[in-house]
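Below is the file target-v2.csv, which contains CSV, C-alpha atoms.
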```csv
chain,number,residue,atom,x,y,z
A,1475,MET,CA,27.0,15.3,-8.3
A,1476,VAL,CA,28.2,13.3,-11.3
A,1477,SER,CA,27.1,12.8,-14.9
A,1478,ILE,CA,26.5,9.2,-16.0
A,1479,PHE,CA,27.1,7.8,-19.5
A,1480,ILE,CA,25.8,4.4,-20.5
A,1481,ARG,CA,27.1,3.2,-23.8
A,1482,HIS,CA,25.7,0.2,-25.7
A,1483,LEU,CA,25.0,-1.9,-22.6
A,1484,THR,CA,23.9,-5.5,-23.2
A,1485,LYS,CA,23.1,-8.2,-20.7
A,1486,ARG,CA,21.7,-11.7,-21.1
A,1487,PHE,CA,20.6,-14.2,-18.5
A,1488,GLY,CA,20.7,-17.5,-20.4
A,1489,GLN,CA,18.7,-17.1,-23.5
A,1490,GLN,CA,16.9,-14.0,-22.3
A,1491,THR,CA,18.2,-10.6,-23.2
A,1492,MET,CA,17.5,-8.2,-20.3
A,1493,LEU,CA,19.3,-5.2,-21.7
A,1494,ASP,CA,19.6,-4.7,-25.5
A,1495,ASP,CA,22.2,-2.2,-26.6
A,1496,VAL,CA,21.1,0.5,-24.1
A,1497,SER,CA,22.7,4.0,-24.4
A,1498,LEU,CA,21.8,6.8,-22.1
A,1499,GLU,CA,23.2,10.1,-20.7
A,1500,ILE,CA,22.1,11.4,-17.2
A,1501,GLY,CA,23.2,14.9,-16.3
A,1502,VAL,CA,24.8,16.2,-13.1
A,1503,GLY,CA,22.2,16.8,-10.4
A,1504,GLU,CA,19.4,15.3,-12.6
A,1505,LEU,CA,16.6,13.2,-11.0
A,1506,PHE,CA,16.1,10.6,-13.7
A,1507,PHE,CA,13.5,7.9,-13.7
A,1508,LEU,CA,13.5,4.4,-15.3
A,1509,LEU,CA,10.0,3.0,-15.6
A,1510,GLY,CA,8.2,0.4,-17.5
A,1511,PRO,CA,6.3,-2.9,-17.0
A,1512,SER,CA,7.7,-5.8,-15.0
A,1513,GLY,CA,10.5,-7.6,-16.7
A,1514,CYS,CA,11.4,-4.6,-19.0
A,1515,GLY,CA,15.0,-4.3,-17.7
A,1516,LYS,CA,14.8,-1.2,-15.5
A,1517,THR,CA,16.0,-2.8,-12.3
A,1518,THR,CA,18.7,-4.7,-14.2
A,1519,LEU,CA,20.0,-1.4,-15.6
A,1520,LEU,CA,20.0,0.2,-12.2
A,1521,ARG,CA,22.0,-2.8,-10.8
A,1522,HIS,CA,24.6,-2.4,-13.5
A,1523,ILE,CA,25.0,1.3,-12.6
A,1524,ALA,CA,25.3,0.3,-8.9
A,1525,GLY,CA,27.9,-2.3,-9.8
A,1526,PHE,CA,25.9,-5.4,-8.7
A,1527,TYR,CA,25.9,-6.8,-12.2
A,1528,GLN,CA,28.5,-6.9,-14.9
A,1529,ALA,CA,27.4,-6.3,-18.5
A,1530,ASP,CA,28.2,-8.7,-21.4
A,1531,THR,CA,29.1,-5.8,-23.6
A,1532,GLY,CA,29.1,-2.0,-23.2
A,1533,SER,CA,30.4,0.5,-20.7
A,1534,ILE,CA,29.4,2.8,-17.9
A,1535,PHE,CA,31.1,6.1,-17.1
A,1536,PHE,CA,30.8,8.3,-14.0
A,1537,GLY,CA,31.9,11.6,-15.5
A,1538,GLU,CA,35.2,10.8,-17.3
A,1539,LYS,CA,35.9,7.7,-15.2
A,1540,ASP,CA,35.1,4.2,-16.6
A,1541,VAL,CA,33.4,2.3,-13.8
A,1542,THR,CA,32.3,-0.6,-15.9
A,1543,HIS,CA,34.4,-3.1,-14.0
A,1544,LEU,CA,34.7,-1.2,-10.7
A,1545,PRO,CA,33.1,-3.1,-7.7
A,1546,ALA,CA,30.0,-1.6,-6.1
A,1547,HIS,CA,31.7,-0.4,-2.9
A,1548,LYS,CA,34.1,1.7,-4.9
A,1549,ARG,CA,31.5,3.6,-7.0
A,1550,GLU,CA,30.5,6.1,-4.3
A,1551,THR,CA,26.8,5.5,-4.8
A,1552,GLY,CA,24.0,5.4,-2.2
A,1553,MET,CA,21.3,2.7,-2.7
A,1554,MET,CA,17.7,2.5,-1.4
A,1555,PHE,CA,16.0,-0.8,-1.8
A,1556,GLN,CA,12.3,-1.7,-2.1
A,1557,SER,CA,12.6,-3.8,1.1
A,1558,TYR,CA,14.5,-1.1,3.0
A,1559,ALA,CA,17.2,-3.7,3.9
A,1560,LEU,CA,17.5,-2.5,7.5
A,1561,TRP,CA,19.1,-4.6,10.3
A,1562,PRO,CA,16.5,-5.3,13.0
A,1563,HIS,CA,19.2,-6.0,15.7
A,1564,MET,CA,20.6,-2.5,15.3
A,1565,ASN,CA,19.0,0.7,16.3
A,1566,VAL,CA,18.4,3.6,14.0
A,1567,ALA,CA,21.7,5.3,14.4
A,1568,GLN,CA,23.6,2.1,14.0
A,1569,ASN,CA,21.8,1.3,10.8
A,1570,VAL,CA,22.6,4.8,9.4
A,1571,ALA,CA,26.3,4.6,10.6
A,1572,PHE,CA,27.0,1.2,8.9
A,1573,GLY,CA,28.4,2.6,5.6
A,1574,LEU,CA,30.7,5.0,7.5
A,1575,GLU,CA,32.0,2.3,9.7
A,1576,GLU,CA,32.8,0.2,6.7
A,1577,ARG,CA,34.8,3.1,5.4
A,1578,ASN,CA,36.7,3.3,8.7
A,1579,ARG,CA,35.6,6.8,9.6
A,1580,LEU,CA,36.5,8.1,13.1
A,1581,ARG,CA,33.8,7.8,15.7
A,1582,PRO,CA,33.3,11.6,16.3
A,1583,GLU,CA,32.8,12.1,12.5
A,1584,ILE,CA,30.4,9.1,12.3
A,1585,GLU,CA,28.3,10.5,15.2
A,1586,GLN,CA,28.2,14.0,13.7
A,1587,ARG,CA,27.3,12.8,10.2
A,1588,VAL,CA,24.6,10.3,11.5
A,1589,GLU,CA,23.0,13.1,13.5
A,1590,GLN,CA,23.0,15.4,10.4
A,1591,ALA,CA,21.5,12.7,8.2
A,1592,LEU,CA,18.7,12.0,10.6
A,1593,GLU,CA,17.9,15.7,10.9
A,1594,LEU,CA,17.8,15.9,7.1
A,1595,VAL,CA,15.2,13.2,6.8
A,1596,LYS,CA,13.2,14.6,9.9
A,1597,LEU,CA,14.2,11.8,12.3
A,1598,GLY,CA,16.2,13.9,14.7
A,1599,GLY,CA,16.3,12.5,18.2
A,1600,LEU,CA,15.2,9.0,17.1
A,1601,GLY,CA,18.7,7.5,16.8
A,1602,THR,CA,18.3,5.1,19.8
A,1603,ARG,CA,14.9,3.7,18.6
A,1604,ARG,CA,14.8,0.0,17.5
A,1605,ILE,CA,13.7,-0.6,13.9
A,1606,SER,CA,10.7,-2.5,15.1
A,1607,GLN,CA,9.4,0.6,16.9
A,1608,LEU,CA,9.2,2.6,13.7
A,1609,SER,CA,6.4,3.0,11.2
A,1610,GLY,CA,6.8,2.1,7.6
A,1611,GLY,CA,7.4,5.7,6.6
A,1612,GLN,CA,10.0,6.2,9.4
A,1613,GLN,CA,11.8,3.0,8.3
A,1614,GLN,CA,11.9,4.4,4.7
A,1615,ARG,CA,13.5,7.6,6.1
A,1616,VAL,CA,16.1,5.6,7.9
A,1617,ALA,CA,17.0,3.8,4.6
A,1618,LEU,CA,17.3,7.2,2.9
A,1619,ALA,CA,19.5,8.6,5.7
A,1620,ARG,CA,21.8,5.5,5.4
A,1621,ALA,CA,22.1,6.1,1.7
A,1622,LEU,CA,22.8,9.9,2.2
A,1623,VAL,CA,25.2,9.7,5.1
A,1624,ILE,CA,28.1,8.5,3.0
A,1625,ARG,CA,27.7,11.6,0.8
A,1626,PRO,CA,27.3,9.7,-2.4
A,1627,ARG,CA,28.0,11.0,-5.9
A,1628,CYS,CA,24.8,9.3,-7.1
A,1629,LEU,CA,21.7,8.2,-5.3
A,1630,LEU,CA,20.1,5.0,-6.7
A,1631,LEU,CA,16.5,4.1,-5.7
A,1632,ASP,CA,14.8,0.8,-6.6
A,1633,GLU,CA,11.0,1.2,-6.1
A,1634,PRO,CA,11.6,2.7,-2.7
A,1635,LEU,CA,8.0,3.7,-2.0
A,1636,SER,CA,6.1,0.7,-3.2
A,1637,ASN,CA,5.5,-0.6,0.4
A,1638,LEU,CA,4.0,2.6,1.7
A,1639,ASP,CA,0.4,3.7,1.8
A,1640,ALA,CA,-0.8,6.4,-0.5
A,1641,LYS,CA,-0.4,9.3,2.0
A,1642,LEU,CA,3.1,8.3,2.9
A,1643,ARG,CA,4.1,7.9,-0.7
A,1644,HIS,CA,3.0,11.4,-1.5
A,1645,GLU,CA,5.1,12.7,1.5
A,1646,MET,CA,8.2,10.8,0.6
A,1647,ARG,CA,8.0,11.8,-3.1
A,1648,SER,CA,8.4,15.4,-2.0
A,1649,GLU,CA,11.1,14.6,0.6
A,1650,ILE,CA,13.3,12.6,-1.9
A,1651,ARG,CA,13.1,15.3,-4.5
A,1652,ARG,CA,13.7,18.1,-2.0
A,1653,ILE,CA,16.9,16.3,-0.7
A,1654,CYS,CA,18.2,15.5,-4.1
A,1655,LYS,CA,17.8,19.1,-5.3
A,1656,GLN,CA,19.1,20.6,-2.0
A,1657,PHE,CA,22.4,18.7,-2.3
A,1658,GLY,CA,22.6,18.6,-6.1
A,1659,LEU,CA,22.6,14.8,-6.1
A,1660,THR,CA,22.3,12.9,-9.3
A,1661,GLY,CA,19.4,10.5,-8.7
A,1662,ILE,CA,18.3,7.4,-10.7
A,1663,TYR,CA,14.9,6.1,-9.6
A,1664,VAL,CA,13.3,2.9,-10.7
A,1665,THR,CA,9.5,2.6,-10.6
A,1666,HIS,CA,6.5,1.2,-12.3
A,1667,ASP,CA,4.3,4.0,-10.9
A,1668,ARG,CA,3.7,6.6,-13.6
A,1669,ASP,CA,2.4,9.2,-11.0
A,1670,GLU,CA,5.7,9.0,-9.1
A,1671,ALA,CA,7.6,9.5,-12.4
A,1672,LEU,CA,5.5,12.4,-13.7
A,1673,SER,CA,5.5,14.3,-10.4
A,1674,MET,CA,9.2,13.8,-9.5
A,1675,ALA,CA,11.3,13.4,-12.5
A,1676,ASP,CA,13.4,15.9,-14.4
A,1677,ARG,CA,13.6,13.4,-17.2
A,1678,LEU,CA,12.5,9.8,-17.6
A,1679,ALA,CA,13.0,6.7,-19.8
A,1680,VAL,CA,10.2,4.3,-20.6
A,1681,MET,CA,11.7,0.8,-21.1
A,1682,GLU,CA,10.2,-2.1,-23.1
A,1683,ALA,CA,11.8,-5.5,-23.5
A,1684,GLY,CA,15.3,-4.3,-22.5
A,1685,ARG,CA,15.3,-1.3,-24.8
A,1686,LEU,CA,14.6,2.4,-24.3
A,1687,ALA,CA,11.2,3.0,-25.8
A,1688,GLN,CA,11.4,6.8,-25.2
A,1689,VAL,CA,13.4,9.3,-23.2
A,1690,GLY,CA,12.3,12.9,-22.4
A,1691,THR,CA,10.8,15.2,-19.8
A,1692,PRO,CA,7.5,14.0,-18.2
A,1693,GLN,CA,5.6,16.5,-20.3
A,1694,GLU,CA,7.3,15.5,-23.5
A,1695,VAL,CA,6.6,11.8,-23.0
A,1696,TYR,CA,3.0,12.3,-21.8
A,1697,ARG,CA,2.1,14.8,-24.5
A,1698,ASN,CA,4.1,13.2,-27.4
A,1699,PRO,CA,4.3,9.4,-26.8
A,1700,ALA,CA,6.6,7.7,-29.3
A,1701,SER,CA,4.4,4.6,-29.5
A,1702,ARG,CA,1.2,2.9,-28.5
A,1703,MET,CA,3.0,1.1,-25.6
A,1704,VAL,CA,4.3,4.4,-24.2
A,1705,ALA,CA,0.9,6.1,-24.6
A,1706,GLU,CA,-0.8,3.4,-22.7
A,1707,PHE,CA,1.9,3.0,-20.0
A,1708,ILE,CA,2.4,6.6,-19.1
A,1709,GLY,CA,-1.3,7.4,-18.6
A,1710,GLU,CA,-4.9,6.6,-19.5
A,1711,THR,CA,-5.7,7.1,-23.1
A,1712,ASN,CA,-8.2,6.3,-25.9
A,1713,LEU,CA,-6.7,4.6,-28.9
A,1714,ILE,CA,-8.5,4.8,-32.2
A,1715,ASP,CA,-7.5,3.2,-35.5
A,1716,ALA,CA,-7.4,5.7,-38.4
A,1717,LYS,CA,-6.0,6.3,-41.9
A,1718,VAL,CA,-4.3,9.5,-43.1
A,1719,LEU,CA,-6.3,11.4,-45.7
A,1720,ASN,CA,-4.2,14.6,-46.3
A,1721,GLN,CA,-2.3,17.3,-44.6
A,1722,SER,CA,-4.5,20.1,-43.2
A,1723,ALA,CA,-3.9,23.8,-43.7
A,1724,ALA,CA,-2.2,24.0,-40.3
A,1725,ALA,CA,1.4,22.8,-40.2
A,1726,ASP,CA,1.9,19.4,-38.6
A,1727,PHE,CA,-1.8,18.6,-38.6
A,1728,PHE,CA,-3.5,16.0,-40.7
A,1729,ASP,CA,-7.1,15.0,-41.5
A,1730,VAL,CA,-7.6,11.3,-40.8
A,1731,GLN,CA,-10.5,8.9,-41.5
A,1732,THR,CA,-11.9,6.8,-38.6
A,1733,ALA,CA,-14.8,4.4,-38.4
A,1734,PHE,CA,-17.1,7.2,-37.1
A,1735,GLY,CA,-15.9,10.2,-39.1
A,1736,ILE,CA,-13.1,12.5,-40.1
A,1737,LEU,CA,-10.9,13.9,-37.3
A,1738,ARG,CA,-8.0,16.4,-37.3
A,1739,ALA,CA,-4.8,15.2,-35.5
A,1740,ARG,CA,-1.2,16.3,-35.0
A,1741,VAL,CA,1.9,14.2,-35.4
A,1742,ASN,CA,3.8,13.1,-32.3
A,1743,GLN,CA,7.1,14.0,-33.8
A,1744,PHE,CA,7.7,17.3,-35.7
A,1745,ASN,CA,9.8,15.5,-38.4
A,1746,TRP,CA,7.2,12.8,-39.2
A,1747,GLN,CA,5.2,13.5,-42.4
A,1748,PRO,CA,3.0,10.4,-43.0
A,1749,GLU,CA,1.7,9.9,-46.6
A,1750,SER,CA,-1.9,9.7,-47.6
A,1751,GLY,CA,-3.2,6.2,-46.9
A,1752,THR,CA,-0.9,5.5,-44.0
A,1753,GLN,CA,-2.5,3.5,-41.2
A,1754,VAL,CA,-2.1,5.2,-37.9
A,1755,ILE,CA,-3.3,5.1,-34.3
A,1756,LEU,CA,-4.8,8.1,-32.6
A,1757,SER,CA,-4.2,8.7,-28.9
A,1758,ILE,CA,-6.6,11.0,-27.0
A,1759,ARG,CA,-6.3,11.4,-23.2
A,1760,PRO,CA,-9.5,11.3,-21.2
A,1761,GLU,CA,-9.0,14.7,-19.8
A,1762,ALA,CA,-8.6,16.2,-23.3
A,1763,LEU,CA,-12.2,15.3,-24.2
A,1764,THR,CA,-14.9,17.8,-23.2
A,1765,PHE,CA,-18.7,18.1,-23.3
A,1766,SER,CA,-18.2,21.9,-24.0
A,1767,HIS,CA,-17.7,23.5,-27.4
A,1768,VAL,CA,-14.1,23.7,-28.7
A,1769,LEU,CA,-13.6,26.7,-31.0
A,1770,ASP,CA,-12.3,25.9,-34.5
A,1771,SER,CA,-12.2,22.2,-34.0
A,1772,PRO,CA,-13.7,19.6,-36.3
A,1773,ASN,CA,-13.3,16.9,-33.8
A,1774,CYS,CA,-16.8,16.0,-32.6
A,1775,PHE,CA,-17.8,12.6,-31.1
A,1776,THR,CA,-21.4,11.6,-30.8
A,1777,GLY,CA,-22.4,8.9,-28.3
A,1778,HIS,CA,-24.2,8.0,-25.0
A,1779,VAL,CA,-22.9,7.6,-21.4
A,1780,VAL,CA,-22.8,3.9,-20.4
A,1781,ASN,CA,-20.8,4.3,-17.1
A,1782,THR,CA,-20.2,7.0,-14.5
A,1783,ILE,CA,-17.8,7.2,-11.6
A,1784,TYR,CA,-17.8,10.2,-9.4
A,1785,LEU,CA,-14.6,10.9,-7.5
A,1786,GLY,CA,-15.3,14.4,-6.1
A,1787,SER,CA,-12.6,16.4,-7.9
A,1788,THR,CA,-13.3,14.5,-11.1
A,1789,ALA,CA,-16.0,12.5,-12.8
A,1790,GLN,CA,-15.0,9.6,-15.1
A,1791,TYR,CA,-17.3,8.5,-17.9
A,1792,GLU,CA,-17.4,5.9,-20.5
A,1793,LEU,CA,-19.2,6.8,-23.7
A,1794,GLN,CA,-20.2,4.5,-26.4
A,1795,LEU,CA,-19.6,6.3,-29.7
A,1796,LYS,CA,-22.1,5.9,-32.5
A,1797,ASP,CA,-20.3,3.6,-35.0
A,1798,GLY,CA,-17.1,3.8,-32.9
A,1799,PRO,CA,-15.3,2.6,-29.8
A,1800,LEU,CA,-15.9,3.0,-26.1
A,1801,MET,CA,-14.3,6.3,-25.0
A,1802,LYS,CA,-13.0,7.3,-21.5
A,1803,VAL,CA,-13.7,10.9,-20.5
A,1804,CYS,CA,-12.4,12.7,-17.4
A,1805,GLU,CA,-14.2,15.9,-16.3
A,1806,MET,CA,-12.4,18.1,-13.7
A,1807,ASN,CA,-14.4,19.8,-11.0
A,1808,PRO,CA,-17.8,18.5,-12.2
A,1809,THR,CA,-20.9,20.5,-11.2
A,1810,THR,CA,-23.4,18.3,-13.0
A,1811,ILE,CA,-23.0,14.5,-13.1
A,1812,ARG,CA,-24.2,12.7,-16.3
A,1813,LYS,CA,-25.9,9.4,-15.5
A,1814,PRO,CA,-25.8,6.4,-17.9
A,1815,SER,CA,-28.5,6.9,-20.5
A,1816,THR,CA,-29.4,6.2,-24.1
A,1817,GLU,CA,-29.7,9.9,-24.7
A,1818,GLU,CA,-27.3,11.2,-27.3
A,1819,THR,CA,-24.5,13.5,-26.2
A,1820,ARG,CA,-21.5,15.2,-27.8
A,1821,LEU,CA,-17.8,15.3,-27.0
A,1822,MET,CA,-15.1,17.5,-28.6
A,1823,ALA,CA,-11.3,17.6,-28.6
A,1824,ALA,CA,-8.9,20.2,-29.8
A,1825,PRO,CA,-6.7,19.0,-32.8
A,1826,ALA,CA,-3.6,19.5,-30.6
A,1827,ASP,CA,-4.9,16.9,-28.2
A,1828,VAL,CA,-5.5,14.2,-30.8
A,1829,VAL,CA,-2.0,12.7,-31.3
A,1830,MET,CA,-1.2,10.5,-34.2
A,1831,LEU,CA,1.1,7.5,-33.6
A,1832,PRO,CA,2.7,5.1,-36.0
A,1833,ARG,CA,0.9,1.7,-36.1
```
Represent the structure contained in this file as structure tokens.
Amino acid sequence: MVSIFIRHLTKRFGQQTMLDDVSLEIGVGELFFLLGPSGCGKTTLLRHIAGFYQADTGSIFFGEKDVTHLPAHKRETGMMFQSYALWPHMNVAQNVAFGLEERNRLRPEIEQRVEQALELVKLGGLGTRRISQLSGGQQQRVALARALVIRPRCLLLDEPLSNLDAKLRHEMRSEIRRICKQFGLTGIYVTHDRDEALSMADRLAVMEAGRLAQVGTPQEVYRNPASRMVAEFIGETNLIDAKVLNQSAAADFFDVQTAFGILRARVNQFNWQPESGTQVILSIRPEALTFSHVLDSPNCFTGHVVNTIYLGSTAQYELQLKDGPLMKVCEMNPTTIRKPSTEETRLMAAPADVVMLPR
């Protein structure tokens, strides 16, 4: 329920720079994800927003209010931790009520709001349970109820689902997004799990070495990665070295020379016009490659299957290209499974699915 503005935030721990001049805007009611490899600065940034860390330089605004030096308990944020941080000597209701008690709310109001919060996370009637009697998924819901019961202006989540199994992670993804949207909460969610980010986020930021490598919607970042690092981190991809030959007849498409032939690719940013001879990297997602014919595409790859993995809904292949690299291919709903063989086979890709990145 609040917009957040981060301006030129820098933080160093000793000689190591954890945040390097970070500026970011998060809109009211937006579910925003911070993701990246370990040590990239995403949790450090979240803890600055929460008020647990103080920046060396820069500022943080909640709406028009400067909260840069405001202590954590006065920022009206709810926080969910990776470890849940529940008190085992308290029952469920007591854990959820803790933030309200610290704010000196009256007992009738506390009881009413705790009951509402537990109903919201589908734990109604379990207020008297001990924490040790709950499953991991139920404990996670208690942590969520505790963050929501104070009616925060912003919900902060630090890898909250990393301790859950795959089935519970999928359930909680839907629950967290549902609750944030139902109440118009501004949410900032830290994760290293790209599937969580792609399936839940309104927008996301990929971080690298304390900087924002790219900010955009999940589709924008996945389809138009700004760099090799982003392309590799946000999903499986094939990376191919290439050299620009010339601009093709279609706007924003270029013919490029690779070790195994000439391909047609598009730029990752509409305003980038690389000159002839520019060394680039091509990114092709495995699901963009097909064994079928692609109309009006010059992008043809010849090779043979060296590895096959059948997963029911998909089949994953590795093809060794003739005079080229090993290529990953993902075929959806496969009816025929190709076995490893020396027999030559052909792949194709549409020019729009061959993305050119700066080297």
Long-range neighbours of A:Val1680 as a ChimeraX atom specification, 8 Å cut-off, only C-alpha atoms, 4 positions minimum in chain: /A:1508-1510,1686-1689,1704
A:Leu1594 environment, 10 Å, all atoms listed in the file, sequence neighbours closer than 2 positions dropped, as a ChimeraX atom specification: /A:1588-1592,1596-1598,1615,1618-1619,1622-1623,1649,1653
Straight-line distance linking atom CA of A:Gly1798 with atom CA of A:Val1779, stated in Å to one decimal: 13.4 Å
Among the residues A:Val1718, A:Ile1811, A:Ile1662, A:Leu1600, the one that comes closest to A:Leu1498 [using only C-alpha atoms]: A:Ile1662
Atom CA of A:Ala1823 to atom CA of A:Leu1763, distance in Å rounded to a single decimal: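 Atom CA of A:Ala1823 sits 5.0 Å away from atom CA of A:Leu1763.
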From A:Ser1757, A:Ser1787, A:Thr1819, A:Gln1586, residue lying nearest A:Leu1574 [all atoms listed in the file]: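 Among the listed residues, A:Gln1586 lies closest to A:Leu1574.
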Between atom CA of A:Leu1821 and atom CA of A:Phe1775 - distance in Å to one decimal: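 These two atoms are separated by 4.9 Å.
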Long-range neighbours of A:Asn1773 as a PyMOL selection string, 9 Å cut-off, all atoms listed in the file, 2 positions minimum in chain: chain A and resi 1735-1739+1768+1771+1775+1821-1825+1828
